[in-house]
Every structure is written in C-alpha cells, then in structure tokens.
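Student: What follows is work-v5.tsv, TSV, C-alpha atoms.
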chain	number	residue	atom	x	y	z
J	1	MET	CA	-17.69	-35.54	-13.27
J	2	THR	CA	-17.59	-38.47	-15.69
J	3	THR	CA	-14.43	-40.47	-16.36
J	4	ASP	CA	-14.17	-39.06	-19.91
J	5	VAL	CA	-14.38	-35.47	-18.69
J	6	LEU	CA	-11.89	-36.12	-15.87
J	7	GLU	CA	-9.40	-37.61	-18.35
J	8	ALA	CA	-9.87	-34.58	-20.59
J	9	TYR	CA	-8.95	-32.28	-17.71
J	10	GLU	CA	-5.85	-34.31	-16.86
J	11	GLU	CA	-4.73	-34.35	-20.50
J	12	GLY	CA	-5.27	-30.63	-20.92
J	13	ARG	CA	-8.34	-30.91	-23.17
J	14	GLY	CA	-10.88	-29.58	-20.67
J	15	PRO	CA	-12.38	-26.10	-20.44
J	16	ARG	CA	-9.01	-24.70	-19.28
J	17	GLY	CA	-6.76	-26.90	-21.37
J	18	ARG	CA	-5.06	-26.77	-24.73
J	19	GLY	CA	-8.21	-27.28	-26.71
J	20	SER	CA	-10.04	-24.22	-25.38
J	21	GLU	CA	-9.55	-20.57	-24.62
J	22	PRO	CA	-7.24	-19.89	-21.68
J	23	GLU	CA	-8.67	-18.71	-18.42
J	24	ARG	CA	-8.18	-14.98	-17.89
J	25	VAL	CA	-7.05	-13.51	-14.57
J	26	ASP	CA	-5.77	-10.00	-13.91
J	27	THR	CA	-2.75	-11.11	-11.86
J	28	VAL	CA	-1.09	-14.48	-11.39
J	29	VAL	CA	1.21	-14.99	-8.42
J	30	VAL	CA	3.61	-17.93	-8.67
J	31	GLY	CA	5.12	-19.21	-5.44
J	32	GLY	CA	4.72	-20.30	-1.84
J	33	GLN	CA	5.22	-18.22	1.31
J	34	ALA	CA	6.23	-15.03	-0.54
J	35	GLY	CA	3.22	-15.61	-2.80
J	36	LEU	CA	0.91	-15.64	0.21
J	37	SER	CA	2.29	-12.29	1.32
J	38	VAL	CA	1.81	-10.81	-2.15
J	39	GLY	CA	-1.70	-12.26	-2.25
J	40	HIS	CA	-2.57	-10.65	1.07
J	41	HIS	CA	-1.57	-7.21	-0.20
J	42	LEU	CA	-3.26	-7.65	-3.59
J	43	GLN	CA	-6.43	-8.67	-1.81
J	44	ARG	CA	-6.22	-5.61	0.43
J	45	LEU	CA	-5.95	-3.40	-2.69
J	46	GLY	CA	-8.82	-5.11	-4.49
J	47	VAL	CA	-6.77	-6.61	-7.33
J	48	PRO	CA	-8.18	-9.90	-8.76
J	49	PHE	CA	-5.55	-12.64	-8.56
J	50	VAL	CA	-4.74	-16.30	-8.08
J	51	VAL	CA	-1.74	-17.88	-6.35
J	52	LEU	CA	-0.27	-20.91	-8.11
J	53	ASP	CA	1.50	-23.31	-5.73
J	54	ALA	CA	3.35	-26.33	-7.11
J	55	GLU	CA	2.84	-28.26	-3.88
J	56	THR	CA	-0.21	-30.35	-2.97
J	57	ARG	CA	-0.60	-28.51	0.32
J	58	THR	CA	0.40	-25.05	1.49
J	59	GLY	CA	3.67	-25.25	3.40
J	60	ASP	CA	4.86	-28.56	1.97
J	61	VAL	CA	8.21	-27.08	0.93
J	62	TRP	CA	8.93	-26.65	4.63
J	63	ARG	CA	7.50	-30.03	5.63
J	64	ARG	CA	10.03	-31.74	3.34
J	65	ARG	CA	13.07	-30.18	5.00
J	66	TRP	CA	15.15	-32.07	7.55
J	67	ASP	CA	13.26	-33.20	10.62
J	68	SER	CA	15.18	-31.25	13.28
J	69	LEU	CA	15.18	-27.93	11.43
J	70	ARG	CA	14.10	-24.87	13.37
J	71	LEU	CA	13.81	-21.34	12.06
J	72	PHE	CA	16.61	-18.88	12.78
J	73	THR	CA	14.06	-16.20	13.65
J	74	PRO	CA	11.90	-16.33	16.80
J	75	ALA	CA	8.12	-16.31	16.53
J	76	ALA	CA	7.98	-12.53	16.92
J	77	TYR	CA	9.80	-12.23	13.56
J	78	SER	CA	8.41	-15.35	11.86
J	79	ALA	CA	5.06	-13.99	10.72
J	80	LEU	CA	3.71	-12.64	7.46
J	81	ASP	CA	1.83	-9.34	7.37
J	82	GLY	CA	-1.55	-9.37	9.07
J	83	MET	CA	-1.28	-12.53	11.20
J	84	PRO	CA	1.06	-13.03	14.20
J	85	PHE	CA	2.76	-16.38	14.65
J	86	PRO	CA	0.80	-18.30	17.34
J	87	ALA	CA	3.64	-18.93	19.80
J	88	PRO	CA	5.56	-17.12	22.56
J	89	PRO	CA	7.67	-14.35	21.00
J	90	HIS	CA	11.05	-15.96	21.78
J	91	HIS	CA	10.10	-19.44	20.58
J	92	PHE	CA	12.01	-20.65	17.50
J	93	PRO	CA	9.41	-22.51	15.38
J	94	SER	CA	10.09	-25.93	13.93
J	95	LYS	CA	9.77	-26.37	10.18
J	96	ASP	CA	6.41	-28.17	10.65
J	97	GLU	CA	5.06	-25.44	12.90
J	98	PHE	CA	5.91	-22.87	10.26
J	99	ALA	CA	4.38	-24.98	7.49
J	100	ASP	CA	1.15	-25.19	9.49
J	101	TYR	CA	1.25	-21.43	10.05
J	102	LEU	CA	1.43	-20.83	6.28
J	103	GLU	CA	-1.54	-23.13	5.74
J	104	ALA	CA	-3.51	-21.30	8.43
J	105	TYR	CA	-2.52	-17.95	6.90
J	106	ALA	CA	-3.95	-18.90	3.51
J	107	ALA	CA	-7.16	-20.04	5.21
J	108	GLN	CA	-7.42	-16.98	7.46
J	109	PHE	CA	-7.49	-14.61	4.49
J	110	ALA	CA	-9.28	-17.04	2.14
J	111	LEU	CA	-6.50	-16.56	-0.41
J	112	PRO	CA	-7.27	-18.13	-3.83
J	113	VAL	CA	-4.42	-20.66	-3.80
J	114	ARG	CA	-4.40	-23.38	-6.45
J	115	HIS	CA	-2.29	-26.36	-5.50
J	116	GLY	CA	-0.52	-28.69	-7.90
J	117	TRP	CA	0.20	-25.86	-10.35
J	118	ARG	CA	3.89	-26.16	-11.18
J	119	VAL	CA	4.38	-23.59	-13.91
J	120	ASP	CA	6.10	-25.10	-16.95
J	121	ARG	CA	6.31	-21.94	-19.04
J	122	LEU	CA	5.69	-18.23	-18.78
J	123	SER	CA	5.58	-16.43	-22.12
J	124	ALA	CA	4.22	-13.28	-23.72
J	125	ALA	CA	0.62	-13.15	-24.96
J	126	GLY	CA	-0.61	-9.91	-26.48
J	127	ASP	CA	-0.29	-7.15	-23.88
J	128	GLY	CA	0.19	-9.66	-21.09
J	129	PHE	CA	1.40	-13.14	-20.34
J	130	LEU	CA	0.50	-16.79	-20.83
J	131	VAL	CA	1.04	-19.08	-17.84
J	132	GLU	CA	1.14	-22.81	-18.66
J	133	SER	CA	1.05	-25.75	-16.25
J	134	ARG	CA	0.55	-29.35	-17.43
J	135	GLY	CA	-1.64	-28.22	-20.31
J	136	ARG	CA	-3.63	-25.72	-18.26
J	137	ARG	CA	-3.35	-22.12	-19.41
J	138	ILE	CA	-4.03	-18.73	-17.85
J	139	GLU	CA	-3.70	-15.36	-19.53
J	140	ALA	CA	-2.78	-12.55	-17.16
J	141	ARG	CA	-1.97	-8.89	-17.43
J	142	ASN	CA	0.50	-9.14	-14.54
J	143	VAL	CA	2.62	-11.97	-13.17
J	144	VAL	CA	4.42	-11.91	-9.83
J	145	VAL	CA	7.12	-14.55	-9.44
J	146	ALA	CA	7.20	-14.88	-5.65
J	147	MET	CA	10.08	-17.28	-5.25
J	148	ALA	CA	13.59	-17.17	-3.85
J	149	ASN	CA	16.50	-17.62	-6.20
J	150	TYR	CA	17.29	-20.98	-4.58
J	151	GLN	CA	15.21	-23.30	-6.76
J	152	ARG	CA	17.55	-25.94	-8.23
J	153	PRO	CA	20.13	-27.86	-6.15
J	154	ARG	CA	23.71	-27.14	-7.13
J	155	VAL	CA	26.18	-30.02	-7.02
J	156	PRO	CA	29.70	-29.94	-8.52
J	157	GLY	CA	30.24	-31.88	-11.72
J	158	PHE	CA	32.84	-34.17	-10.16
J	159	ALA	CA	30.14	-35.64	-7.91
J	160	ALA	CA	29.45	-38.01	-10.81
J	161	ASP	CA	33.02	-39.33	-10.49
J	162	LEU	CA	32.53	-40.62	-6.95
J	163	ALA	CA	32.26	-44.38	-6.58
J	164	PRO	CA	28.78	-45.97	-6.57
J	165	ASP	CA	29.25	-47.13	-2.97
J	166	VAL	CA	29.51	-43.53	-1.77
J	167	VAL	CA	26.00	-42.47	-0.77
J	168	GLN	CA	25.25	-38.92	-1.94
J	169	LEU	CA	22.49	-36.54	-0.79
J	170	HIS	CA	21.90	-32.88	-1.38
J	171	SER	CA	20.75	-30.91	1.66
J	172	ARG	CA	17.37	-30.51	-0.06
J	173	ASP	CA	16.85	-34.28	0.23
J	174	TYR	CA	18.38	-34.81	3.67
J	175	ARG	CA	15.80	-35.63	6.37
J	176	ARG	CA	17.52	-37.53	9.19
J	177	PRO	CA	20.76	-39.43	9.98
J	178	ASP	CA	19.35	-42.88	9.20
J	179	GLN	CA	19.38	-42.02	5.48
J	180	LEU	CA	23.16	-42.46	5.62
J	181	PRO	CA	25.36	-45.50	6.35
J	182	ALA	CA	25.82	-46.23	10.05
J	183	ASP	CA	29.51	-47.06	9.51
J	184	GLY	CA	32.19	-44.97	7.88
J	185	VAL	CA	32.91	-41.27	7.62
J	186	VAL	CA	30.28	-38.81	6.41
J	187	LEU	CA	31.61	-35.81	4.50
J	188	VAL	CA	29.49	-32.67	4.63
J	189	VAL	CA	30.51	-30.30	1.83
J	190	GLY	CA	29.66	-26.67	2.49
J	191	ALA	CA	30.24	-25.03	5.87
J	192	GLY	CA	27.35	-22.54	5.87
J	193	ASN	CA	24.33	-22.74	8.12
J	194	SER	CA	22.79	-25.86	6.55
J	195	GLY	CA	26.13	-27.68	6.44
J	196	ALA	CA	27.00	-26.78	10.03
J	197	GLU	CA	23.61	-27.82	11.40
J	198	ILE	CA	23.54	-31.11	9.50
J	199	ALA	CA	27.15	-31.88	10.47
J	200	LEU	CA	26.36	-31.23	14.13
J	201	GLU	CA	23.33	-33.53	14.02
J	202	LEU	CA	25.23	-36.32	12.28
J	203	ALA	CA	28.17	-36.07	14.70
J	204	ALA	CA	26.01	-37.46	17.50
J	205	SER	CA	26.12	-40.90	15.84
J	206	ARG	CA	28.89	-40.81	13.21
J	207	GLN	CA	32.34	-39.60	12.36
J	208	VAL	CA	31.85	-36.36	10.41
J	209	VAL	CA	34.15	-34.23	8.29
J	210	LEU	CA	32.98	-30.72	7.37
J	211	ALA	CA	34.58	-29.23	4.27
J	212	GLY	CA	34.65	-25.58	3.27
J	213	ARG	CA	35.58	-22.07	4.30
J	214	HIS	CA	34.36	-20.96	7.71
J	215	PRO	CA	31.85	-18.19	6.91
J	216	GLY	CA	32.07	-16.47	10.28
J	217	GLU	CA	29.32	-16.42	12.89
J	218	LEU	CA	27.09	-14.05	14.81
J	219	PRO	CA	28.95	-12.78	17.88
J	220	PHE	CA	26.14	-13.78	20.24
J	221	ASP	CA	23.96	-16.75	21.12
J	222	ILE	CA	20.49	-16.28	19.61
J	223	ASP	CA	18.95	-18.15	22.57
J	224	SER	CA	20.51	-15.82	25.17
J	225	ARG	CA	18.54	-13.32	27.24
J	226	LEU	CA	20.47	-10.41	25.74
J	227	ALA	CA	19.61	-11.61	22.24
J	228	HIS	CA	15.94	-11.92	23.17
J	229	ALA	CA	15.87	-8.48	24.75
J	230	LEU	CA	17.87	-6.48	22.24
J	231	LEU	CA	20.28	-8.03	19.74
J	232	ILE	CA	17.85	-9.98	17.54
J	233	ARG	CA	15.72	-6.90	17.01
J	234	LEU	CA	18.78	-4.77	16.23
J	235	VAL	CA	20.08	-7.29	13.69
J	236	LEU	CA	16.81	-8.30	12.01
J	237	ARG	CA	14.82	-5.05	12.00
J	238	GLY	CA	17.70	-2.61	12.18
J	239	LEU	CA	20.74	-3.91	10.32
J	240	PHE	CA	19.15	-6.40	7.90
J	241	HIS	CA	15.96	-4.45	7.18
J	242	ARG	CA	16.98	-0.77	7.22
J	243	VAL	CA	20.76	-0.44	6.96
J	244	LEU	CA	21.76	-3.18	4.50
J	245	THR	CA	19.63	-2.06	1.54
J	246	VAL	CA	20.35	-1.17	-2.09
J	247	ASP	CA	19.89	2.49	-1.11
J	248	THR	CA	22.93	2.62	1.18
J	249	PRO	CA	26.63	2.38	0.18
J	250	VAL	CA	27.31	-0.26	2.84
J	251	GLY	CA	24.21	-2.18	1.74
J	252	ARG	CA	25.30	-2.23	-1.91
J	253	ARG	CA	28.77	-3.44	-0.96
J	254	MET	CA	27.28	-6.15	1.25
J	255	ARG	CA	24.87	-7.19	-1.51
J	256	SER	CA	27.72	-7.95	-3.86
J	257	LYS	CA	29.31	-10.21	-1.24
J	258	ALA	CA	26.05	-11.75	-0.01
J	259	THR	CA	25.04	-12.93	-3.49
J	260	THR	CA	28.32	-14.79	-4.03
J	261	ARG	CA	29.06	-16.06	-0.52
J	262	GLY	CA	27.04	-17.59	2.27
J	263	GLY	CA	26.11	-15.59	5.34
J	264	PRO	CA	27.56	-16.11	8.83
J	265	LEU	CA	26.56	-19.01	11.06
J	266	ILE	CA	23.52	-18.03	13.09
J	267	ARG	CA	22.75	-20.77	15.62
J	268	THR	CA	25.60	-23.29	15.34
J	269	LYS	CA	29.01	-21.98	16.38
J	270	ALA	CA	32.52	-23.24	15.62
J	271	ARG	CA	32.87	-24.25	19.28
J	272	HIS	CA	29.77	-26.45	19.00
J	273	LEU	CA	31.30	-28.29	16.06
J	274	ARG	CA	34.62	-28.76	17.86
J	275	ALA	CA	32.88	-30.06	20.98
J	276	ALA	CA	30.93	-32.58	18.88
J	277	GLY	CA	34.13	-33.90	17.30
J	278	VAL	CA	33.45	-32.59	13.78
J	279	LYS	CA	36.71	-32.44	11.81
J	280	ARG	CA	37.20	-29.30	9.70
J	281	VAL	CA	38.98	-29.45	6.34
J	282	GLY	CA	39.39	-27.20	3.32
J	283	ARG	CA	37.49	-27.14	0.05
J	284	VAL	CA	36.66	-30.28	-1.93
J	285	THR	CA	37.93	-29.73	-5.48
J	286	GLY	CA	37.55	-33.04	-7.29
J	287	ALA	CA	37.52	-36.82	-7.19
J	288	ARG	CA	40.25	-39.45	-7.48
J	289	ASP	CA	39.72	-43.20	-7.59
J	290	GLY	CA	36.08	-42.65	-6.70
J	291	ARG	CA	36.78	-40.61	-3.58
J	292	PRO	CA	36.63	-36.83	-2.90
J	293	VAL	CA	39.86	-34.83	-3.04
J	294	LEU	CA	40.66	-31.69	-1.03
J	295	GLU	CA	42.42	-28.64	-2.44
J	296	ASP	CA	45.66	-29.73	-0.78
J	297	GLY	CA	45.52	-33.08	-2.60
J	298	THR	CA	44.28	-35.16	0.34
J	299	VAL	CA	41.95	-38.01	-0.68
J	300	LEU	CA	39.14	-38.67	1.80
J	301	ASP	CA	37.90	-42.22	2.34
J	302	VAL	CA	34.22	-41.60	3.06
J	303	ALA	CA	31.04	-43.66	3.07
J	304	ALA	CA	28.70	-40.79	2.27
J	305	VAL	CA	28.62	-37.17	1.13
J	306	VAL	CA	25.98	-34.57	2.00
J	307	TRP	CA	26.19	-31.71	-0.50
J	308	CYS	CA	25.33	-28.44	1.26
J	309	THR	CA	26.49	-26.54	-1.79
J	310	GLY	CA	23.48	-24.32	-2.31
J	311	PHE	CA	21.12	-23.73	-5.17
J	312	ARG	CA	20.93	-21.93	-8.47
J	313	PRO	CA	18.06	-19.62	-9.49
J	314	GLY	CA	16.17	-22.07	-11.72
J	315	PHE	CA	14.09	-19.58	-13.71
J	316	GLU	CA	14.51	-21.36	-17.06
J	317	TRP	CA	10.74	-21.71	-17.35
J	318	ILE	CA	10.44	-17.94	-17.86
J	319	ASP	CA	10.37	-17.71	-21.67
J	320	LEU	CA	10.64	-13.93	-21.87
J	321	PRO	CA	13.38	-11.41	-22.77
J	322	LEU	CA	14.40	-11.34	-19.12
J	323	GLN	CA	17.58	-9.45	-18.36
J	324	THR	CA	19.76	-11.20	-15.79
J	325	THR	CA	22.98	-10.63	-13.89
J	326	GLU	CA	26.14	-12.69	-14.27
J	327	LEU	CA	24.77	-14.91	-11.51
J	328	GLY	CA	21.52	-15.60	-13.37
J	329	GLU	CA	19.38	-13.38	-11.14
J	330	PRO	CA	16.59	-11.36	-12.77
J	331	LEU	CA	17.47	-7.70	-13.21
J	332	GLN	CA	14.80	-5.73	-11.37
J	333	SER	CA	14.01	-2.42	-9.74
J	334	ARG	CA	11.95	-2.55	-6.53
J	335	GLY	CA	10.69	-5.92	-7.75
J	336	ALA	CA	9.69	-4.80	-11.27
J	337	ALA	CA	11.52	-6.75	-13.99
J	338	VAL	CA	13.60	-4.43	-16.14
J	339	GLY	CA	12.35	-4.38	-19.74
J	340	VAL	CA	9.31	-6.61	-19.13
J	341	PRO	CA	6.36	-4.44	-17.99
J	342	GLY	CA	3.88	-6.37	-15.85
J	343	LEU	CA	6.42	-8.92	-14.58
J	344	TYR	CA	7.48	-8.67	-10.93
J	345	PHE	CA	9.63	-10.55	-8.45
J	346	VAL	CA	9.29	-10.96	-4.69
J	347	GLY	CA	11.34	-13.18	-2.39
J	348	LEU	CA	14.66	-12.86	-4.21
J	349	HIS	CA	17.74	-12.75	-2.04
J	350	TYR	CA	18.57	-9.09	-1.37
J	351	LEU	CA	15.85	-7.88	-3.76
J	352	TYR	CA	15.88	-4.60	-1.82
J	353	ALA	CA	17.46	-5.43	1.54
J	354	HIS	CA	19.26	-8.23	3.29
J	355	SER	CA	15.88	-9.10	4.81
J	356	SER	CA	14.10	-9.47	1.44
J	357	SER	CA	14.19	-13.27	1.40
J	358	MET	CA	13.50	-13.55	5.13
J	359	ILE	CA	10.07	-14.13	6.62
J	360	HIS	CA	10.04	-10.86	8.55
J	361	GLY	CA	11.26	-8.85	5.57
J	362	VAL	CA	9.31	-10.14	2.59
J	363	GLY	CA	6.16	-8.18	3.47
J	364	ARG	CA	7.65	-4.80	2.57
J	365	ASP	CA	8.62	-5.97	-0.92
J	366	ALA	CA	5.26	-7.72	-1.34
J	367	ARG	CA	3.40	-4.54	-0.44
J	368	ARG	CA	5.46	-2.42	-2.83
J	369	VAL	CA	4.92	-4.83	-5.72
J	370	ALA	CA	1.19	-5.11	-4.98
J	371	GLU	CA	0.95	-1.32	-5.09
J	372	GLN	CA	2.71	-1.27	-8.47
J	373	VAL	CA	0.30	-3.90	-9.79
J	374	ALA	CA	-2.69	-1.94	-8.51
J	375	ALA	CA	-1.39	1.25	-10.14
J	376	ARG	CA	-0.85	-0.57	-13.40
J	377	GLN	CA	-4.35	-2.04	-13.26
J	378	ALA	CA	-5.73	1.50	-13.34
J	379	ALA	CA	-3.35	2.66	-16.09
J	380	PRO	CA	-3.62	2.21	-19.89
J	381	LEU	CA	-2.30	-1.08	-21.26
J	382	ALA	CA	0.81	0.47	-22.80
J	383	THR	CA	3.02	0.81	-19.73
J	384	ALA	CA	6.61	1.93	-19.99
J	385	ALA	CA	9.44	-0.11	-18.52
J	386	PRO	CA	10.74	1.03	-15.12
J	387	THR	CA	13.11	3.96	-15.30
J	388	SER	CA	14.60	3.80	-11.79
J	389	ARG	CA	18.02	2.30	-11.28
J	390	PRO	CA	17.86	-1.51	-11.50
J	391	VAL	CA	19.30	-3.79	-8.89
J	392	ALA	CA	22.05	-6.04	-10.15
J	393	ALA	CA	24.30	-8.43	-8.32
J	394	ARG	CA	27.94	-8.34	-9.29
J	395	PRO	CA	30.57	-10.88	-8.29
J	396	ALA	CA	32.73	-9.72	-5.42
Will you turn the file into structure tokens for me?

Tutor:
Amino acid sequence: MTTDVLEAYEEGRGPRGRGSEPERVDTVVVGGQAGLSVGHHLQRLGVPFVVLDAETRTGDVWRRRWDSLRLFTPAAYSALDGMPFPAPPHHFPSKDEFADYLEAYAAQFALPVRHGWRVDRLSAAGDGFLVESRGRRIEARNVVVAMANYQRPRVPGFAADLAPDVVQLHSRDYRRPDQLPADGVVLVVGAGNSGAEIALELAASRQVVLAGRHPGELPFDIDSRLAHALLIRLVLRGLFHRVLTVDTPVGRRMRSKATTRGGPLIRTKARHLRAAGVKRVGRVTGARDGRPVLEDGTVLDVAAVVWCTGFRPGFEWIDLPLQTTELGEPLQSRGAAVGVPGLYFVGLHYLYAHSSSMIHGVGRDARRVAEQVAARQAAPLATAAPTSRPVAARPA
C-alpha cells in the first residue's frame, strides 16, 4: 500500500471512509468479552457479522487492570460457551490468564474481530444503522451493543477541590502500590469489592483508610473445600443464574437494589481488613482546605486518594431514540432495545439475571439475542418493536 493510500485510510478517505459508500454488514457487534460470546452464537446460526473491539488486542481491557487481580469465579465458571477455561476447575484465574483465554477463544472460533474500532457514533440509516469509527463507516441491519454498563469512571465533583499534592487515581487506572506516595495515608473511597481488595493490597506497605458503607460479605470463604464442593455452584448457577432473575418477585426486588448499590464482598472479608490494619470510616462527602471531609465533619490529612466509586453507563455515542431508566440504563426486553428494532444489548448488569454481566452467565443472554437476530434476518424489514414487558431499573 502506498503512503498516499495509507494516509487516505487513516483520514477516512479510503474505500471505507467518508468519501465512499459505507461497508455493509448484516450485524455489527460492539464490545469485548460479551461480544465474543454473541459472535460465537451468531456464527453457529449462520448470521454474517463483525465484532468491533476498541482495543488493539483481544483481552486488553483485562490486561490493564491492577496487577494482582484475580477473578472471583473459579475456572469451572470462567469460560464462555463452547470452550472450557484451560485450568483446574477450582483455580481462580489471574486477569492476564483470562485476557489470554479471550484471545484464544477468538482464535479458536475464527471470529471476525476488528481491533482498534472504538465506535464514535451509532445512528439510524434507512431501515438499519450507521456505525462510525474514526471516519470508517459500516451500515448494518442489526447492532448488538455487547458491553457492561460500567464504561466511564465516576468520580465525585469535589475531587477537583482536593489540593494538587494529593495524588488521585480511579480504580480503573490503579495498577500497583508504587503508583502512590510511599509516605502518608492513602484513602480508598468506596468499600465494595474493588475498594476492599485495593485497600488490603496497599495496607501491606502503607497506612490505609477505607471510606464507605460496608456492603456485607458472602458467609463463606470462596477458597474453602465446602465452597469448591457445593457453595460456589449453588450461588453462581443456582441463586445468581436461576433464582435472581427479572421473572421472579425476589429477583425483581434484588435488581432494584443491585443497580443502585454494590454487591457483597466476595473474597476479601472485614476480618482481613482489620487484621491488615485498614482503618474504616464513613462516607466522604466533600473537601475542605484541599483535603477530603467525612460525613461527620472529620477532615482527613491524606497523601493520596484511590477512587473506587464505580462507573456510569457511558452510552452517549448511541445517537438513537433510546429509552433509558433513571439510572441511564437502556430500556430493554430480553436484550432487545425498546422502541428501536434491530438494536440489542448483552452484558448489561442484571439484563435478565444477576449473572448477566458475569462470565458464566453472559452466554444465555448472548444466545437469546443471537436467536432474535437470526429470526429478524429471515423476517421482512419492517419489524415491530418488542411487545414483552421491558426491564427497567428503579432506584431503591
């Protein structure tokens, strides 16, 4: 390829750029691990598709997470449909092991993944959609957004009022303790699973304060023999996958709470934090004189803050009449966007069940959406909006 042609591609003037007709594909899948699962089921049903991955390599989202991170699910429940995780069943994979598994999964099924495709805009085009990424355009009859609703880091506005000498990191950007000052107190804001695990790691070399409501914890050790033999299966495949769904009264009540509050601690327990010397305090509500302030008015003199305050959905790039809940989640029924025929979601937290955003649970939603896409492929272009009851999160 000549230099002139290469520059034309990069500027969006090549055969698939602004200056030419868009490429046409039946179904575009946008996303990472959930996208691979959707792709597997579309491929099985014979639906033409491509998977657009913003990363340069499959699994890179996991490779960028903190170095000591391990999955909360053992290998037996850490696989996508069609390919077991290559490890003993009770092994808890590291984040790099899981990233490599995703890369191997895409290769195993020869899934048509295009890397470096961060979608800038999804809009309507005739009877379908126009997908745009850095000047590249694809027209598709169906689009599956296979992403969790944890896309954009959420940090309170008063973070900007902290003094410049207070080092600040969001959990998305935390990798290891040496990113933070060796001297002084580190404040970890957010006492959920990420906050607890990061606080415990930092406490080995620093004075750590953990702020936030204790979210509760699983009443058993996930590394215990009893958990391996019985409890993990009961929780993951029984409770999370079959009981806590939008079809059960208890599941609907739990969904309302789960979408506004963090889940219980899974691996790290309150006793582990106490033993490590982590100090527990209440919520951080503001800043005073450049330092964080607790809800009781206490000012904390800290050298660094790690914000484990979660994420927001981040679906602003979807330029469609998308109906959303008060929390900004897409309104959907079994993954089909309400009011936008041909648009689907997979990987959302509690899309159908508590397991919907988990590795072991995403396959069921992916299969159901792939079947809807395949049915629509065989139907006339004018397809009515879903008529079944939509799933909507409501504040508790």

Student: Restricting the calculation to only C-alpha atoms, which member of J:Asp96, J:Leu327, J:Val166, J:Arg376 is positioned closest to J:Leu300?

Tutor: J:Val166

Student: As an exercise, work out the distance from atom CA of J:Glu329 to atom CA of J:Gln151 in Å and give it to one decimal place.

Tutor: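 Going from atom CA of J:Glu329 over to atom CA of J:Gln151 covers 11.6 Å.
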
Student: One number please: atom CA of J:His354 to atom CA of J:Thr245, in Å, one decimal.

Tutor: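 So the two atoms, atom CA of J:His354 and atom CA of J:Thr245, lie 6.4 Å apart.
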
Student: Counting all atoms listed in the file, I want the residues whose atoms come within 9 Å of (11.9, -9.6, -20.7) in the file frame, returned as an NGL selection string.

Tutor: :J and (318-323 or 337-341 or 343)

Student: Write out, as an mmCIF file, in the frame of the given file, the residues just selected, with C-alpha atoms.

Tutor:
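Saved file out_7.cif follows:
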data_model
loop_
_atom_site.group_PDB
_atom_site.id
_atom_site.type_symbol
_atom_site.label_atom_id
_atom_site.label_comp_id
_atom_site.auth_asym_id
_atom_site.auth_seq_id
_atom_site.Cartn_x
_atom_site.Cartn_y
_atom_site.Cartn_z
ATOM 1 C CA ILE J 318 10.440 -17.940 -17.860
ATOM 2 C CA ASP J 319 10.370 -17.710 -21.670
ATOM 3 C CA LEU J 320 10.640 -13.930 -21.870
ATOM 4 C CA PRO J 321 13.380 -11.410 -22.770
ATOM 5 C CA LEU J 322 14.400 -11.340 -19.120
ATOM 6 C CA GLN J 323 17.580 -9.450 -18.360
ATOM 7 C CA ALA J 337 11.520 -6.750 -13.990
ATOM 8 C CA VAL J 338 13.600 -4.430 -16.140
ATOM 9 C CA GLY J 339 12.350 -4.380 -19.740
ATOM 10 C CA VAL J 340 9.310 -6.610 -19.130
ATOM 11 C CA PRO J 341 6.360 -4.440 -17.990
ATOM 12 C CA LEU J 343 6.420 -8.920 -14.580
#

Student: With 10 Å as the threshold, what does the neighbourhood of (42.2, -28.9, -0.9) contain in terms of residues, counting only C-alpha atoms? Coordinates are those of the file; answer as an MDAnalysis selection string.

Tutor: chainID J and resid 211:212 281:286 292:299

Student: Between J:Gly184, J:Gly116, J:Pro219, J:Pro177, which has the minimum distance to J:Glu55 (counting all atoms listed in the file)?

Tutor: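 Comparing J:Gly184, J:Gly116, J:Pro219, J:Pro177 against J:Glu55, the winner is J:Gly116.
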
Student: Need the shell around J:Leu45: protein/DNA/RNA residues with any atom at most 10 Å away, counting all atoms listed in the file. Skip same-chain ones fewer than 6 positions apart. Format as a list in words?

Tutor: Gly39, Arg367, Ala370, Glu371, Val373, Ala374 and Ala375 of chain J

Student: By how many Å are atom CA of J:Thr324 and atom CA of J:Leu348 apart?

Tutor: 12.8 Å

Student: Which is closer to J:Leu180 than all the others in J:Phe98, J:Val306, J:Phe129, J:Ser194, using all atoms listed in the file?

Tutor: J:Val306

Student: Find, counting only C-alpha atoms, the residue in J:Leu36, J:Gln108, J:Thr73, J:Gly126 that gets nearest to J:His91.

Tutor: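 Closest candidate: J:Thr73.
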
Student: From the list J:Leu69, J:Val186, J:Leu234, J:Leu80, which residue is nearest J:Gln207 when using only C-alpha atoms?

Tutor: J:Val186

Student: If we count all atoms listed in the file and set the cut-off at 8 Å, which residues sit around stretch 253-266 of chain J, ignoring sequence neighbours fewer than 2 positions away in its own chain? Please answer as a count of residues only.

Tutor: 24

Student: Using all atoms listed in the file, which of J:Ala124, J:Ala366, J:Leu200, J:Ala191 sits nearest J:Ala146?

Tutor: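 Closest to J:Ala146, using all atoms listed in the file: J:Ala366.
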
Student: Got a sec: who's within 12 Å of J:Leu71, counting all atoms listed in the file, leaving out chain neighbours fewer than 3 positions off, as a JSON list (two decimals) with C-alpha atoms, in the coordinates of the input?

Tutor:
[["chain", "number", "residue", "atom", "x", "y", "z"],
["J", 62, "TRP", "CA", 8.93, -26.65, 4.63],
["J", 65, "ARG", "CA", 13.07, -30.18, 5.00],
["J", 66, "TRP", "CA", 15.15, -32.07, 7.55],
["J", 67, "ASP", "CA", 13.26, -33.20, 10.62],
["J", 68, "SER", "CA", 15.18, -31.25, 13.28],
["J", 74, "PRO", "CA", 11.90, -16.33, 16.80],
["J", 75, "ALA", "CA", 8.12, -16.31, 16.53],
["J", 76, "ALA", "CA", 7.98, -12.53, 16.92],
["J", 77, "TYR", "CA", 9.80, -12.23, 13.56],
["J", 78, "SER", "CA", 8.41, -15.35, 11.86],
["J", 79, "ALA", "CA", 5.06, -13.99, 10.72],
["J", 90, "HIS", "CA", 11.05, -15.96, 21.78],
["J", 91, "HIS", "CA", 10.10, -19.44, 20.58],
["J", 92, "PHE", "CA", 12.01, -20.65, 17.50],
["J", 93, "PRO", "CA", 9.41, -22.51, 15.38],
["J", 94, "SER", "CA", 10.09, -25.93, 13.93],
["J", 95, "LYS", "CA", 9.77, -26.37, 10.18],
["J", 96, "ASP", "CA", 6.41, -28.17, 10.65],
["J", 97, "GLU", "CA", 5.06, -25.44, 12.90],
["J", 98, "PHE", "CA", 5.91, -22.87, 10.26],
["J", 99, "ALA", "CA", 4.38, -24.98, 7.49],
["J", 193, "ASN", "CA", 24.33, -22.74, 8.12],
["J", 194, "SER", "CA", 22.79, -25.86, 6.55],
["J", 197, "GLU", "CA", 23.61, -27.82, 11.40],
["J", 222, "ILE", "CA", 20.49, -16.28, 19.61],
["J", 266, "ILE", "CA", 23.52, -18.03, 13.09],
["J", 267, "ARG", "CA", 22.75, -20.77, 15.62],
["J", 358, "MET", "CA", 13.50, -13.55, 5.13],
["J", 359, "ILE", "CA", 10.07, -14.13, 6.62],
["J", 360, "HIS", "CA", 10.04, -10.86, 8.55]]
